[in-house]
Amino acid sequence: MEECVIVIIQCLILSLLYVCSLYVWKYRYDRDHPSTIKRRFVSVTIVALISPIYLYFCLNQKYLSKNSLWDLLGLRIPGIWQATLYPLLLTVILFLGPIVFQIVNGSCAMYAEKEYWLSSFKDVVWIRTHVVAPVSEELTYRACMIPLLLQCFQPLLTIFVCPVFFGAAHFNHFLENLKAGVELKKSLAITAFQFFFTTIFGAYCTFLFLRTGHLVAPIVTHMFCNHMGFPDLLEPLSYSGFKRYVLFFTLILGFAIWCLLLMPITAPELYSNTLFWNYNYSQAEIN
């Protein structure tokens, strides 16, 4: 029990390190201003470099004697292409409904426009959402936190423990909303929803990391989900007749197929993963 308390504290420190790094600067503008974003890029990059070192010194050394730090971080070559493509495909299936919505309402046409991509790669908000946030958050909250938790918790329990830190890390948005003039009740509602959604999403990313043993799996999934955003489940109501039923059907179909494929597509043997899912790294084994 004492070892588990220490591990939880270590994870809490790691989470606070990431969140607090965003506020070491004096800001004149809001979180979406290019100046603020660029400074935060520097902060999370430094944290991303420090986090693996933190993991190295916090882990039981007998744990490290059995595995390289690179393997524990999910930075390995065997199975990398599968880990890049299969979890992304699985997540695309989950978002089948919203993707069909984009096709129906015509918003998907922007992906064929050269200007969309050129403007996106010049937009620091887009870069933060699609690149910097997914990479830095997955490295900190998955690659560096999961090995710590596995010293005390079984993989299945880790799926539910790890995302709590990730979800709680979004509580800082509550103060930012208040500072921006959002009323208290609305800010509380927004923060509660963000905590719920990011915790569920964090559990999914934790599951992918444990099953594939690759950091790239939750990263590409995070990138795609950030791009899609939370699906508007009520959008089909804006249509009438047969089209409305078809859109609702695609939502259900995508979720059903995702449920059926979740375990087969993430089978550890597909990714040459013998490190996380099927092995018990409890404190009793490494002592």
# chains A, B, ... in the order shown; residues from 1 in each chain; ligands from 1
$ residues_around --residues "region 18-32 of chain A" --least-positions-apart "3" --cutoff "8 Å" --atoms "only C-alpha atoms" --output "PyMOL selection string"
chain A and resi 14-15+35-37+39-40+43-44+47+125+140+169+172+180
$ write_last_selection --atoms "N, CA, C and O atoms" --output "compact mmCIF listing (two decimals), in the first residue's frame"
# COMPACT_ATOMS: atom_id res chain seq x y z
N LEU A 14 4.08 14.61 -11.58
CA LEU A 14 4.31 14.67 -13.03
C LEU A 14 3.20 15.45 -13.72
O LEU A 14 3.46 16.27 -14.61
N SER A 15 1.97 15.22 -13.31
CA SER A 15 0.83 15.94 -13.89
C SER A 15 0.90 17.43 -13.57
O SER A 15 0.68 18.28 -14.44
N SER A 35 1.12 34.53 -29.17
CA SER A 35 2.21 34.77 -28.23
C SER A 35 2.13 33.80 -27.05
O SER A 35 3.13 33.22 -26.63
N THR A 36 0.92 33.61 -26.52
CA THR A 36 0.72 32.68 -25.41
C THR A 36 1.01 31.25 -25.83
O THR A 36 1.70 30.49 -25.11
N ILE A 37 0.52 30.87 -26.99
CA ILE A 37 0.69 29.50 -27.48
C ILE A 37 2.17 29.18 -27.69
O ILE A 37 2.65 28.11 -27.30
N ARG A 39 4.81 30.46 -26.27
CA ARG A 39 5.51 30.32 -24.98
C ARG A 39 5.17 28.98 -24.34
O ARG A 39 6.03 28.34 -23.74
N ARG A 40 3.93 28.57 -24.48
CA ARG A 40 3.54 27.29 -23.92
C ARG A 40 4.16 26.13 -24.69
O ARG A 40 4.39 25.06 -24.12
N SER A 43 7.30 25.58 -22.95
CA SER A 43 7.09 24.95 -21.64
C SER A 43 6.88 23.45 -21.76
O SER A 43 7.54 22.66 -21.08
N VAL A 44 5.96 23.04 -22.64
CA VAL A 44 5.64 21.61 -22.73
C VAL A 44 6.78 20.82 -23.39
O VAL A 44 6.93 19.63 -23.13
N VAL A 47 9.07 20.10 -20.53
CA VAL A 47 8.48 19.04 -19.71
C VAL A 47 8.61 17.69 -20.40
O VAL A 47 8.90 16.67 -19.76
N VAL A 125 -2.66 27.70 -33.52
CA VAL A 125 -3.75 27.02 -32.81
C VAL A 125 -3.93 25.62 -33.38
O VAL A 125 -4.08 24.63 -32.64
N THR A 140 3.76 12.48 -21.66
CA THR A 140 3.73 12.70 -20.21
C THR A 140 2.72 11.80 -19.51
O THR A 140 3.04 11.11 -18.54
N ALA A 169 -6.17 17.30 -15.09
CA ALA A 169 -5.26 18.32 -15.61
C ALA A 169 -5.99 19.41 -16.38
O ALA A 169 -5.44 20.49 -16.59
N ASN A 172 -7.61 23.38 -15.00
CA ASN A 172 -7.07 24.73 -15.14
C ASN A 172 -7.93 25.58 -16.08
O ASN A 172 -7.92 26.81 -16.00
N ALA A 180 -11.78 34.84 -18.33
CA ALA A 180 -12.27 35.33 -19.63
C ALA A 180 -13.67 35.91 -19.54
O ALA A 180 -14.21 36.37 -20.54
$ residues_around --residues "region 92-105 of chain A" --least-positions-apart "6" --cutoff "6 Å" --atoms "only C-alpha atoms" --output "PyMOL selection string"
chain A and resi 250-251+254-255+258
$ select_by_dssp --residues "region 9-222 of chain A" --states "alpha helix (DSSP H)" --output "ChimeraX atom specification"
/A:9-21,34-58,61-66,69-72,80-94,96-105,114-122,124-127,133-138,146-149,155-168,172-179,184-212,216-222
$ closest_residue --among "A:Pro231, A:Pro155, A:Pro218, A:Pro268" --to "Leu90 (chain A)" --atoms "only C-alpha atoms"
A:Pro218
$ closest_residue --among "A:Thr266, A:Ser136, A:Thr198, A:Thr91" --to "Phe224 (chain A)" --atoms "only C-alpha atoms"
A:Thr91
$ residues_around --residues "Val132 (chain A)" --least-positions-apart "4" --cutoff "9 Å" --atoms "only C-alpha atoms" --output "list in words"
Phe41, Val44, Thr45, Ile127, Arg128, Ser136 and Glu137 of chain A
$ closest_residue --among "A:Phe207, A:Tyr239, A:Trp70, A:Phe249" --to "Leu157 (chain A)" --atoms "only C-alpha atoms"
A:Phe207
$ atom_distance --atom1 "CA of Ile200 (chain A)" --atom2 "CA of Thr221 (chain A)"
13.4 Å
$ atom_distance --atom1 "CA of Leu261 (chain A)" --atom2 "CA of Phe276 (chain A)"
20.2 Å
$ closest_residue --among "A:Leu184, A:Tyr86, A:Leu16, A:Thr191" --to "Pro264 (chain A)" --atoms "only C-alpha atoms"
A:Tyr86
$ closest_residue --among "A:Thr129, A:Gln151, A:Phe195, A:Ala256" --to "Gly229 (chain A)" --atoms "only C-alpha atoms"
A:Thr129
